[in-house]
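Have a look at start-v9.pdb; it's PDB, C-alpha atoms, pLDDT in the B column:
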```
MODEL        1
ATOM      1  CA  MET A   1      29.053 -23.333  -1.778  1.00 43.00           C
ATOM      2  CA  ASP A   2      26.750 -20.996  -3.651  1.00 43.00           C
ATOM      3  CA  SER A   3      28.449 -17.625  -4.155  1.00 42.00           C
ATOM      4  CA  GLU A   4      25.465 -15.955  -5.796  1.00 46.00           C
ATOM      5  CA  VAL A   5      24.484 -12.784  -3.939  1.00 45.00           C
ATOM      6  CA  GLN A   6      20.767 -12.251  -3.641  1.00 50.00           C
ATOM      7  CA  SER A   7      19.561  -8.829  -4.670  1.00 54.00           C
ATOM      8  CA  PRO A   8      17.447  -6.855  -2.235  1.00 71.00           C
ATOM      9  CA  ARG A   9      13.740  -7.449  -2.442  1.00 87.00           C
ATOM     10  CA  VAL A  10      10.883  -5.019  -2.021  1.00 94.00           C
ATOM     11  CA  GLU A  11       7.438  -6.450  -1.364  1.00 95.00           C
ATOM     12  CA  TRP A  12       4.202  -4.600  -1.934  1.00 96.00           C
ATOM     13  CA  ALA A  13       0.483  -5.006  -1.356  1.00 96.00           C
ATOM     14  CA  VAL A  14      -2.593  -2.887  -1.957  1.00 96.00           C
ATOM     15  CA  VAL A  15      -5.051  -2.520   0.895  1.00 96.00           C
ATOM     16  CA  GLU A  16      -8.425  -0.819   0.979  1.00 95.00           C
ATOM     17  CA  SER A  17      -8.886   1.962   3.493  1.00 96.00           C
ATOM     18  CA  ASP A  18     -11.345   4.689   4.378  1.00 94.00           C
ATOM     19  CA  ILE A  19      -9.349   7.029   2.108  1.00 96.00           C
ATOM     20  CA  GLY A  20      -9.139   4.641  -0.850  1.00 96.00           C
ATOM     21  CA  PRO A  21      -6.636   1.983  -1.863  1.00 97.00           C
ATOM     22  CA  LEU A  22      -3.145   2.306  -0.373  1.00 97.00           C
ATOM     23  CA  LEU A  23      -0.052   0.632  -1.764  1.00 97.00           C
ATOM     24  CA  LEU A  24       2.297  -0.439   1.017  1.00 98.00           C
ATOM     25  CA  ALA A  25       5.877  -1.476   0.318  1.00 97.00           C
ATOM     26  CA  ALA A  26       8.480  -2.964   2.649  1.00 96.00           C
ATOM     27  CA  THR A  27      12.081  -4.045   2.591  1.00 94.00           C
ATOM     28  CA  ASP A  28      13.714  -6.385   5.068  1.00 92.00           C
ATOM     29  CA  ARG A  29      14.361  -3.272   7.227  1.00 94.00           C
ATOM     30  CA  GLY A  30      10.711  -2.217   7.460  1.00 96.00           C
ATOM     31  CA  LEU A  31       7.906  -0.298   5.824  1.00 97.00           C
ATOM     32  CA  VAL A  32       9.443   1.887   3.139  1.00 97.00           C
ATOM     33  CA  ALA A  33       6.526   3.446   1.256  1.00 97.00           C
ATOM     34  CA  VAL A  34       2.820   4.201   1.367  1.00 98.00           C
ATOM     35  CA  HIS A  35       1.126   5.459  -1.809  1.00 97.00           C
ATOM     36  CA  PHE A  36      -2.361   6.971  -1.993  1.00 96.00           C
ATOM     37  CA  HIS A  37      -4.946   6.239  -4.702  1.00 95.00           C
ATOM     38  CA  ALA A  38      -3.266   2.925  -5.592  1.00 96.00           C
ATOM     39  CA  ARG A  39      -5.345   1.973  -8.573  1.00 95.00           C
ATOM     40  CA  ALA A  40      -3.683   0.274 -11.563  1.00 95.00           C
ATOM     41  CA  ARG A  41      -1.746   3.230 -13.050  1.00 95.00           C
ATOM     42  CA  VAL A  42      -0.487   4.567  -9.698  1.00 94.00           C
ATOM     43  CA  ARG A  43       0.385   1.036  -8.601  1.00 95.00           C
ATOM     44  CA  GLU A  44       2.402   0.343 -11.764  1.00 95.00           C
ATOM     45  CA  GLN A  45       4.289   3.644 -11.485  1.00 96.00           C
ATOM     46  CA  ALA A  46       5.022   3.153  -7.782  1.00 95.00           C
ATOM     47  CA  VAL A  47       6.302  -0.398  -8.265  1.00 95.00           C
ATOM     48  CA  ALA A  48       8.525   0.721 -11.168  1.00 95.00           C
ATOM     49  CA  ARG A  49       9.960   3.637  -9.138  1.00 95.00           C
ATOM     50  CA  LEU A  50      10.684   1.349  -6.187  1.00 96.00           C
ATOM     51  CA  GLY A  51      12.471  -1.100  -8.457  1.00 94.00           C
ATOM     52  CA  ASP A  52      14.576   1.707  -9.952  1.00 94.00           C
ATOM     53  CA  ARG A  53      15.362   3.275  -6.587  1.00 93.00           C
ATOM     54  CA  PHE A  54      16.382   0.047  -4.893  1.00 92.00           C
ATOM     55  CA  GLY A  55      17.806  -1.776  -7.893  1.00 90.00           C
ATOM     56  CA  ALA A  56      15.739  -4.611  -6.563  1.00 85.00           C
ATOM     57  CA  GLU A  57      13.100  -7.089  -7.453  1.00 86.00           C
ATOM     58  CA  VAL A  58       9.715  -5.667  -6.470  1.00 90.00           C
ATOM     59  CA  VAL A  59       7.138  -8.379  -5.903  1.00 92.00           C
ATOM     60  CA  GLU A  60       3.621  -8.674  -4.597  1.00 92.00           C
ATOM     61  CA  SER A  61       3.909  -9.635  -0.940  1.00 82.00           C
ATOM     62  CA  ALA A  62       3.810 -13.305  -0.116  1.00 73.00           C
ATOM     63  CA  SER A  63       6.142 -13.512   2.891  1.00 81.00           C
ATOM     64  CA  GLY A  64       3.924 -11.836   5.452  1.00 88.00           C
ATOM     65  CA  ARG A  65       6.331  -8.890   5.696  1.00 91.00           C
ATOM     66  CA  LEU A  66       3.392  -6.505   5.312  1.00 96.00           C
ATOM     67  CA  ALA A  67       0.997  -8.298   7.667  1.00 96.00           C
ATOM     68  CA  GLU A  68       1.710  -6.055  10.661  1.00 97.00           C
ATOM     69  CA  PRO A  69       1.560  -2.751   8.735  1.00 97.00           C
ATOM     70  CA  ILE A  70      -1.750  -3.895   7.213  1.00 97.00           C
ATOM     71  CA  ARG A  71      -3.090  -4.850  10.647  1.00 97.00           C
ATOM     72  CA  GLN A  72      -2.027  -1.563  12.224  1.00 98.00           C
ATOM     73  CA  LEU A  73      -3.487   0.539   9.390  1.00 97.00           C
ATOM     74  CA  ALA A  74      -6.811  -1.314   9.699  1.00 97.00           C
ATOM     75  CA  ALA A  75      -6.792  -0.637  13.461  1.00 98.00           C
ATOM     76  CA  TYR A  76      -5.969   3.039  12.836  1.00 98.00           C
ATOM     77  CA  PHE A  77      -8.870   3.472  10.412  1.00 97.00           C
ATOM     78  CA  ALA A  78     -11.170   1.639  12.854  1.00 97.00           C
ATOM     79  CA  GLY A  79     -10.245   4.218  15.522  1.00 95.00           C
ATOM     80  CA  GLU A  80      -8.490   1.561  17.630  1.00 97.00           C
ATOM     81  CA  LEU A  81      -4.847   2.632  17.116  1.00 97.00           C
ATOM     82  CA  ARG A  82      -3.376   6.033  17.875  1.00 96.00           C
ATOM     83  CA  GLU A  83       0.339   5.353  17.435  1.00 96.00           C
ATOM     84  CA  PHE A  84       2.002   3.116  14.864  1.00 97.00           C
ATOM     85  CA  ASP A  85       4.682   0.774  16.158  1.00 97.00           C
ATOM     86  CA  LEU A  86       6.394  -0.466  13.018  1.00 97.00           C
ATOM     87  CA  PRO A  87       9.964  -0.779  11.833  1.00 97.00           C
ATOM     88  CA  LEU A  88      10.465   1.901   9.185  1.00 97.00           C
ATOM     89  CA  ASP A  89      13.003   1.904   6.368  1.00 97.00           C
ATOM     90  CA  TRP A  90      13.984   5.570   5.925  1.00 97.00           C
ATOM     91  CA  THR A  91      15.913   4.965   2.671  1.00 95.00           C
ATOM     92  CA  LEU A  92      13.559   7.162   0.623  1.00 96.00           C
ATOM     93  CA  ALA A  93      13.968  10.205   2.912  1.00 97.00           C
ATOM     94  CA  THR A  94      17.335  11.898   3.286  1.00 95.00           C
ATOM     95  CA  GLY A  95      18.913  14.952   4.877  1.00 96.00           C
ATOM     96  CA  PHE A  96      16.591  17.719   6.021  1.00 97.00           C
ATOM     97  CA  ASN A  97      13.500  15.797   4.886  1.00 97.00           C
ATOM     98  CA  ARG A  98      14.408  12.813   7.037  1.00 97.00           C
ATOM     99  CA  GLU A  99      15.135  15.029  10.042  1.00 97.00           C
ATOM    100  CA  VAL A 100      11.764  16.784   9.718  1.00 98.00           C
ATOM    101  CA  LEU A 101       9.844  13.538   9.165  1.00 98.00           C
ATOM    102  CA  ARG A 102      11.455  11.882  12.184  1.00 97.00           C
ATOM    103  CA  GLU A 103      10.530  14.882  14.351  1.00 97.00           C
ATOM    104  CA  LEU A 104       6.995  14.746  13.006  1.00 97.00           C
ATOM    105  CA  ALA A 105       6.681  11.024  13.754  1.00 96.00           C
ATOM    106  CA  ALA A 106       8.082  11.394  17.264  1.00 96.00           C
ATOM    107  CA  GLY A 107       6.675  14.745  18.307  1.00 96.00           C
ATOM    108  CA  VAL A 108       3.194  15.282  16.852  1.00 96.00           C
ATOM    109  CA  PRO A 109       0.803  12.809  18.456  1.00 97.00           C
ATOM    110  CA  TYR A 110      -2.577  11.590  17.265  1.00 97.00           C
ATOM    111  CA  GLY A 111      -5.288  14.227  17.479  1.00 95.00           C
ATOM    112  CA  THR A 112      -2.928  17.211  17.336  1.00 95.00           C
ATOM    113  CA  VAL A 113      -1.580  19.448  14.596  1.00 95.00           C
ATOM    114  CA  VAL A 114       1.537  21.530  14.124  1.00 95.00           C
ATOM    115  CA  GLY A 115       2.296  24.441  11.808  1.00 95.00           C
ATOM    116  CA  TYR A 116       4.903  24.202   9.058  1.00 96.00           C
ATOM    117  CA  GLY A 117       6.887  27.004  10.727  1.00 95.00           C
ATOM    118  CA  ASP A 118       6.618  25.399  14.155  1.00 95.00           C
ATOM    119  CA  LEU A 119       7.994  22.156  12.773  1.00 96.00           C
ATOM    120  CA  ALA A 120      10.865  24.081  11.158  1.00 97.00           C
ATOM    121  CA  ASP A 121      11.627  25.624  14.576  1.00 96.00           C
ATOM    122  CA  ARG A 122      11.620  22.172  16.199  1.00 96.00           C
ATOM    123  CA  VAL A 123      14.402  20.977  13.903  1.00 97.00           C
ATOM    124  CA  GLY A 124      16.451  24.128  14.447  1.00 96.00           C
ATOM    125  CA  GLN A 125      15.653  25.754  11.098  1.00 95.00           C
ATOM    126  CA  PRO A 126      13.461  28.779  11.867  1.00 94.00           C
ATOM    127  CA  GLY A 127      12.165  30.339   8.694  1.00 93.00           C
ATOM    128  CA  ALA A 128      12.214  27.045   6.787  1.00 95.00           C
ATOM    129  CA  ALA A 129       8.440  26.580   6.651  1.00 95.00           C
ATOM    130  CA  GLN A 130       8.478  26.165   2.857  1.00 95.00           C
ATOM    131  CA  ALA A 131      11.212  23.538   3.110  1.00 96.00           C
ATOM    132  CA  VAL A 132       9.088  21.709   5.698  1.00 96.00           C
ATOM    133  CA  GLY A 133       6.209  21.832   3.220  1.00 95.00           C
ATOM    134  CA  ALA A 134       8.449  20.283   0.587  1.00 95.00           C
ATOM    135  CA  ALA A 135       9.482  17.576   3.073  1.00 97.00           C
ATOM    136  CA  MET A 136       5.813  16.808   3.740  1.00 96.00           C
ATOM    137  CA  GLY A 137       5.204  16.531  -0.005  1.00 94.00           C
ATOM    138  CA  ALA A 138       8.119  14.117  -0.316  1.00 96.00           C
ATOM    139  CA  ASN A 139       7.067  11.969   2.671  1.00 97.00           C
ATOM    140  CA  PRO A 140       7.386   8.347   1.523  1.00 98.00           C
ATOM    141  CA  LEU A 141       5.344   7.083   4.504  1.00 98.00           C
ATOM    142  CA  PRO A 142       2.188   9.204   4.763  1.00 98.00           C
ATOM    143  CA  VAL A 143      -0.410   8.264   7.375  1.00 98.00           C
ATOM    144  CA  VAL A 144       2.232   6.268   9.314  1.00 98.00           C
ATOM    145  CA  VAL A 145       4.495   9.341   9.422  1.00 98.00           C
ATOM    146  CA  PRO A 146       1.584  11.754   9.867  1.00 97.00           C
ATOM    147  CA  CYS A 147       2.183  14.624   7.439  1.00 96.00           C
ATOM    148  CA  HIS A 148      -1.592  15.188   7.489  1.00 97.00           C
ATOM    149  CA  ARG A 149      -1.058  16.720  10.956  1.00 96.00           C
ATOM    150  CA  VAL A 150       0.942  19.653   9.540  1.00 96.00           C
ATOM    151  CA  VAL A 151      -1.186  22.728   8.799  1.00 94.00           C
ATOM    152  CA  ALA A 152      -0.720  26.326   7.713  1.00 92.00           C
ATOM    153  CA  SER A 153      -0.097  29.003  10.344  1.00 85.00           C
ATOM    154  CA  ASP A 154      -3.475  30.599   9.570  1.00 86.00           C
ATOM    155  CA  GLY A 155      -5.232  27.374  10.549  1.00 81.00           C
ATOM    156  CA  THR A 156      -6.071  26.258   7.012  1.00 88.00           C
ATOM    157  CA  LEU A 157      -5.168  22.764   5.885  1.00 90.00           C
ATOM    158  CA  GLY A 158      -2.227  23.753   3.682  1.00 89.00           C
ATOM    159  CA  GLY A 159      -1.318  21.199   1.026  1.00 87.00           C
ATOM    160  CA  PHE A 160      -1.328  17.425   0.922  1.00 92.00           C
ATOM    161  CA  GLY A 161       0.011  14.897  -1.563  1.00 89.00           C
ATOM    162  CA  GLY A 162      -3.034  12.678  -1.132  1.00 92.00           C
ATOM    163  CA  GLY A 163      -5.407  15.591  -1.791  1.00 94.00           C
ATOM    164  CA  LEU A 164      -7.037  17.975   0.642  1.00 93.00           C
ATOM    165  CA  GLU A 165     -10.142  15.798   1.023  1.00 93.00           C
ATOM    166  CA  THR A 166      -7.922  12.916   2.153  1.00 95.00           C
ATOM    167  CA  LYS A 167      -6.154  15.201   4.638  1.00 95.00           C
ATOM    168  CA  ARG A 168      -9.515  16.414   5.936  1.00 94.00           C
ATOM    169  CA  GLN A 169     -10.708  12.802   6.356  1.00 95.00           C
ATOM    170  CA  LEU A 170      -7.582  11.825   8.301  1.00 96.00           C
ATOM    171  CA  LEU A 171      -7.862  14.856  10.596  1.00 96.00           C
ATOM    172  CA  ALA A 172     -11.571  14.136  11.121  1.00 94.00           C
ATOM    173  CA  LEU A 173     -10.745  10.524  12.018  1.00 95.00           C
ATOM    174  CA  GLU A 174      -8.345  11.844  14.666  1.00 96.00           C
ATOM    175  CA  GLY A 175     -10.938  14.272  16.035  1.00 93.00           C
ATOM    176  CA  VAL A 176      -9.172  17.438  14.894  1.00 92.00           C
ATOM    177  CA  LEU A 177     -11.921  18.384  12.425  1.00 82.00           C
ATOM    178  CA  PRO A 178     -15.625  17.615  12.572  1.00 75.00           C
ATOM    179  CA  GLN A 179     -16.916  14.620  10.623  1.00 65.00           C
ATOM    180  CA  PRO A 180     -18.882  15.617   7.518  1.00 63.00           C
ATOM    181  CA  LEU A 181     -22.647  15.814   7.920  1.00 52.00           C
ATOM    182  CA  PHE A 182     -23.347  13.628   4.883  1.00 46.00           C
TER     183      PHE A 182
ENDMDL
END
```
Step by step, read the file and then write its structure as structure tokens.
Amino acid sequence: MDSEVQSPRVEWAVVESDIGPLLLAATDRGLVAVHFHARARVREQAVARLGDRFGAEVVESASGRLAEPIRQLAAYFAGELREFDLPLDWTLATGFNREVLRELAAGVPYGTVVGYGDLADRVGQPGAAQAVGAAMGANPLPVVVPCHRVVASDGTLGGFGGGLETKRQLLALEGVLPQPLF
């Protein structure tokens, strides 16, 4: 009998999207990370960080583990999908961040926005708008867990880890903002 224990494995793939290349990563539990601007340098850094965080082999996907996330993201960008239905691995989000991100995923539907302060209220932490902003910045699953739907109380976009133009594009796709003229 073979007593060798297999180490966990993280698989990744880069997919093109309307907002540029995205690196998707999954464990056997589900989608664990989405990285914006996944050109060579970002890709190398993301893969290295995943390997360090999981103490795992990180390999380019060959098992099909990412087929459904890739399909659903393509449908989202084509305007055909409004709600992701994917198993998510929440390993990279803990404590308050995880609580806020789960509320965001469950309670802020496609085509709507919520303020940072309102989201803090929803998780029972009134006055924690800045902490919600930090949780959005640390979101390991952007687009799928829609941190682009969180805006400042004055109606401005606020911040966004993928860049404000990316946030604007995602909100325009969902009909919250007008499409650009050119």
If we count all atoms listed in the file and set the cut-off at 12 Å, which residues sit around Glu165 (chain A), ignoring sequence neighbours fewer than 3 positions away in its own chain? Please answer as JSON, numbers by chain. {"A": [18, 19, 20, 148, 157, 158, 159, 160, 161, 162, 168, 169, 170, 171, 172, 177, 179, 180]}
For Arg82 (chain A), which residue out of A:Val143, A:Ala56, A:Leu164, A:Ala62 is the nearest one, using all atoms listed in the file? A:Val143
Run the PyMOL selection byres ((chain A and resi 118) around 10) on the file and write out the hits as a PyMOL selection string. chain A and resi 114-117+119-129+132+150-153
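Taken over the whole file, the PyMOL selection byres ((chain A and resi 92-100) around 7) covers exactly Trp90, Thr91, Leu101, Arg102, Glu103, Leu104, Val123, Val132, Ala135 and Pro140 of chain A.
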Output file for the residues above (C-alpha atoms, as a tab-separated table (two decimals), in the coordinates of the input):
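That gives us result_26.tsv:
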```tsv
chain	number	residue	atom	x	y	z
A	90	TRP	CA	13.98	5.57	5.92
A	91	THR	CA	15.91	4.96	2.67
A	101	LEU	CA	9.84	13.54	9.16
A	102	ARG	CA	11.46	11.88	12.18
A	103	GLU	CA	10.53	14.88	14.35
A	104	LEU	CA	7.00	14.75	13.01
A	123	VAL	CA	14.40	20.98	13.90
A	132	VAL	CA	9.09	21.71	5.70
A	135	ALA	CA	9.48	17.58	3.07
A	140	PRO	CA	7.39	8.35	1.52
```
In Å and to one decimal, CA of Tyr110 (chain A) is distant from CA of Val14 (chain A) by 24.1 Å
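Across the model, the gap from CA of Ala33 (chain A) to CA of Asn139 (chain A) is 8.7 Å.
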Distance of CA of Ala26 (chain A) from CA of Val10 (chain A), expressed in Å to one decimal place: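 Result for CA of Val10 (chain A) versus CA of Ala26 (chain A): 5.6 Å, one decimal.
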Pick the closest to Ser17 (chain A) from A:Gln45, A:Gly30, A:Phe36, A:Glu83: which is it, counting all atoms listed in the file? A:Phe36
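You can rank A:Val108, A:Ala25, A:Val42, A:Ala134 by their closest distance to Leu66 (chain A) using all atoms listed in the file, and at the top of that list sits A:Ala25.
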The PyMOL selection byres ((chain A and resi 87) around 8) - which residues does that actually catch in the file I just gave you? List them as a PyMOL selection string. chain A and resi 29-31+85-86+88-89
